[in-house]
Amino acid sequence: MFDAEIHPHNSDIIYVGARSGLFRSSDGGNSWEGLSYPKAVFAESYSAALHPKRPNIVLASQEIEGRLFRSVDGGRSWKMVFRLPKQTSPSGWNYGFKRIVFSPSNQQIVYAASCQKSNLLDKRKDGKGVFQSIDGGINWHPAQPVNSPLSGFSVNDIAVHPKNHNIVYAATAMDGIYKTTDSGKSWTKLINLR
């Protein structure tokens with residue numbers, strides 16, 4: 001299991017991303033339904049995110065192939081909204097998205113953390129950084145300049161300030177924690193893990 005998201009208005013509804021795909025429970029975890037409906041076929045799912053005020057809007061990612069999907073009906077149907085350029089990293093690993101987070105203060109702003117497939121905390125650290133959507137997860141762009149150190153790292157997790165969507169923290173694999181206060185135009189390293 002990689003991720004669990006609880007419906008903001010009904011705690012019996014749970015979404016989980018797992019090695020075997022994306023699943024939803026409507027009865028507090030007693031039974032589960034697979035959500036690999038076309039056009040999303042989740043061989044492995046890293047992350048899911050529910051819109052805080054309109055939870056039928058669900059964003060989900062695959063571990064490989066760098067694809068982000070969006071559903072407007074609670075996961076019954078999907079549309080691919082973004083895909084990283086198809087390639088493998090220098091170490092031979094595919095890229096994907098490990099975490100997706102809606103901004104609590106502005107739900108039109110969403111961040112997604114990219115990483116290598118099966119990213120381990122070792123010397124493999126190349127990645128694609130953080131991506132941002134300003135329209136609720138429909139369109140996406142990099143959330144850091146091309147020359148930013150963060151654009152080359154795998155990001156394992158992200159956190160958005162609860163009252164200011166411009167303040168974001170990014171936890172990288174093997175290079176510490178970064179912070180932006182301007183929605184990704186610049187990033188500052190806060191903690192060095194080396």
# chains A, B, ... in the order shown; residues from 1 in each chain; ligands from 1
call {"tool": "residues_around", "arguments": {"residues": "Lys128 of chain A", "least_positions_apart": "5", "cutoff": "7 Å", "atoms": "only C-alpha atoms", "output": "PyMOL selection string"}}
result
chain A and resi 114-115+151-154
call {"tool": "write_last_selection", "arguments": {"atoms": "N, CA, C and O atoms", "output": "tab-separated table (two decimals), in the first residue's frame"}}
result
chain	number	residue	atom	x	y	z
A	114	SER	N	6.95	14.24	-8.52
A	114	SER	CA	7.42	13.19	-9.42
A	114	SER	C	8.60	12.45	-8.81
A	114	SER	O	9.35	13.01	-8.01
A	115	CYS	N	8.74	11.19	-9.19
A	115	CYS	CA	9.81	10.38	-8.64
A	115	CYS	C	10.13	9.24	-9.59
A	115	CYS	O	9.46	9.02	-10.59
A	151	SER	N	14.41	20.45	-9.93
A	151	SER	CA	13.89	19.89	-11.18
A	151	SER	C	14.55	18.58	-11.55
A	151	SER	O	14.04	17.83	-12.37
A	152	GLY	N	15.68	18.26	-10.93
A	152	GLY	CA	16.37	17.01	-11.23
A	152	GLY	C	16.24	15.95	-10.16
A	152	GLY	O	16.85	14.89	-10.28
A	153	PHE	N	15.44	16.20	-9.12
A	153	PHE	CA	15.34	15.27	-8.01
A	153	PHE	C	14.03	14.50	-8.00
A	153	PHE	O	13.00	14.98	-8.45
A	154	SER	N	14.09	13.31	-7.44
A	154	SER	CA	12.87	12.58	-7.09
A	154	SER	C	12.31	13.19	-5.81
A	154	SER	O	13.04	13.42	-4.85
call {"tool": "residues_around", "arguments": {"residues": "segment 16-22 of chain A", "least_positions_apart": "4", "cutoff": "9 Å", "atoms": "only C-alpha atoms", "output": "ChimeraX atom specification"}}
result
/A:1-6,33-36,41-48,60-63
call {"tool": "closest_residue", "arguments": {"among": "A:Thr172, A:Gln107, A:Gln116, A:Asn147", "to": "Asp135 of chain A", "atoms": "only C-alpha atoms"}}
result
A:Gln107
call {"tool": "closest_residue", "arguments": {"among": "A:Ile57, A:Leu190, A:Ala113, A:Ala143", "to": "Ile158 of chain A", "atoms": "only C-alpha atoms"}}
result
A:Ala113
call {"tool": "decode", "arguments": {"residues": "segment 103-116 of chain A", "atoms": "N, CA and C atoms", "output": "PDB file, in the first residue's frame"}}
result
ATOM      1  N   SER A 103      -4.337  22.158  -2.625  1.00  0.00           N
ATOM      2  CA  SER A 103      -4.097  23.217  -1.655  1.00  0.00           C
ATOM      3  C   SER A 103      -5.334  23.393  -0.786  1.00  0.00           C
ATOM      4  N   PRO A 104      -5.180  23.376   0.547  1.00  0.00           N
ATOM      5  CA  PRO A 104      -6.348  23.573   1.422  1.00  0.00           C
ATOM      6  C   PRO A 104      -6.986  24.950   1.273  1.00  0.00           C
ATOM      7  N   SER A 105      -6.184  25.971   0.943  1.00  0.00           N
ATOM      8  CA  SER A 105      -6.709  27.333   0.891  1.00  0.00           C
ATOM      9  C   SER A 105      -7.249  27.724  -0.479  1.00  0.00           C
ATOM     10  N   ASN A 106      -6.884  26.991  -1.514  1.00  0.00           N
ATOM     11  CA  ASN A 106      -7.363  27.271  -2.868  1.00  0.00           C
ATOM     12  C   ASN A 106      -7.377  25.960  -3.635  1.00  0.00           C
ATOM     13  N   GLN A 107      -8.537  25.339  -3.724  1.00  0.00           N
ATOM     14  CA  GLN A 107      -8.615  23.992  -4.289  1.00  0.00           C
ATOM     15  C   GLN A 107      -8.389  23.939  -5.799  1.00  0.00           C
ATOM     16  N   GLN A 108      -8.259  25.083  -6.446  1.00  0.00           N
ATOM     17  CA  GLN A 108      -7.882  25.089  -7.856  1.00  0.00           C
ATOM     18  C   GLN A 108      -6.392  24.801  -8.021  1.00  0.00           C
ATOM     19  N   ILE A 109      -5.621  24.985  -6.947  1.00  0.00           N
ATOM     20  CA  ILE A 109      -4.184  24.755  -6.977  1.00  0.00           C
ATOM     21  C   ILE A 109      -3.892  23.343  -6.484  1.00  0.00           C
ATOM     22  N   VAL A 110      -3.184  22.574  -7.315  1.00  0.00           N
ATOM     23  CA  VAL A 110      -2.829  21.200  -6.968  1.00  0.00           C
ATOM     24  C   VAL A 110      -1.351  20.998  -7.277  1.00  0.00           C
ATOM     25  N   TYR A 111      -0.661  20.264  -6.418  1.00  0.00           N
ATOM     26  CA  TYR A 111       0.750  19.941  -6.630  1.00  0.00           C
ATOM     27  C   TYR A 111       0.917  18.430  -6.747  1.00  0.00           C
ATOM     28  N   ALA A 112       1.857  18.020  -7.591  1.00  0.00           N
ATOM     29  CA  ALA A 112       2.165  16.592  -7.748  1.00  0.00           C
ATOM     30  C   ALA A 112       3.674  16.410  -7.706  1.00  0.00           C
ATOM     31  N   ALA A 113       4.125  15.429  -6.929  1.00  0.00           N
ATOM     32  CA  ALA A 113       5.552  15.151  -6.759  1.00  0.00           C
ATOM     33  C   ALA A 113       5.963  14.003  -7.676  1.00  0.00           C
ATOM     34  N   SER A 114       6.954  14.243  -8.519  1.00  0.00           N
ATOM     35  CA  SER A 114       7.418  13.186  -9.418  1.00  0.00           C
ATOM     36  C   SER A 114       8.601  12.452  -8.807  1.00  0.00           C
ATOM     37  N   CYS A 115       8.736  11.187  -9.193  1.00  0.00           N
ATOM     38  CA  CYS A 115       9.807  10.378  -8.639  1.00  0.00           C
ATOM     39  C   CYS A 115      10.135   9.236  -9.586  1.00  0.00           C
ATOM     40  N   GLN A 116      11.176   8.499  -9.232  1.00  0.00           N
ATOM     41  CA  GLN A 116      11.506   7.294  -9.970  1.00  0.00           C
ATOM     42  C   GLN A 116      10.639   6.140  -9.499  1.00  0.00           C
TER      43      GLN A 116
END
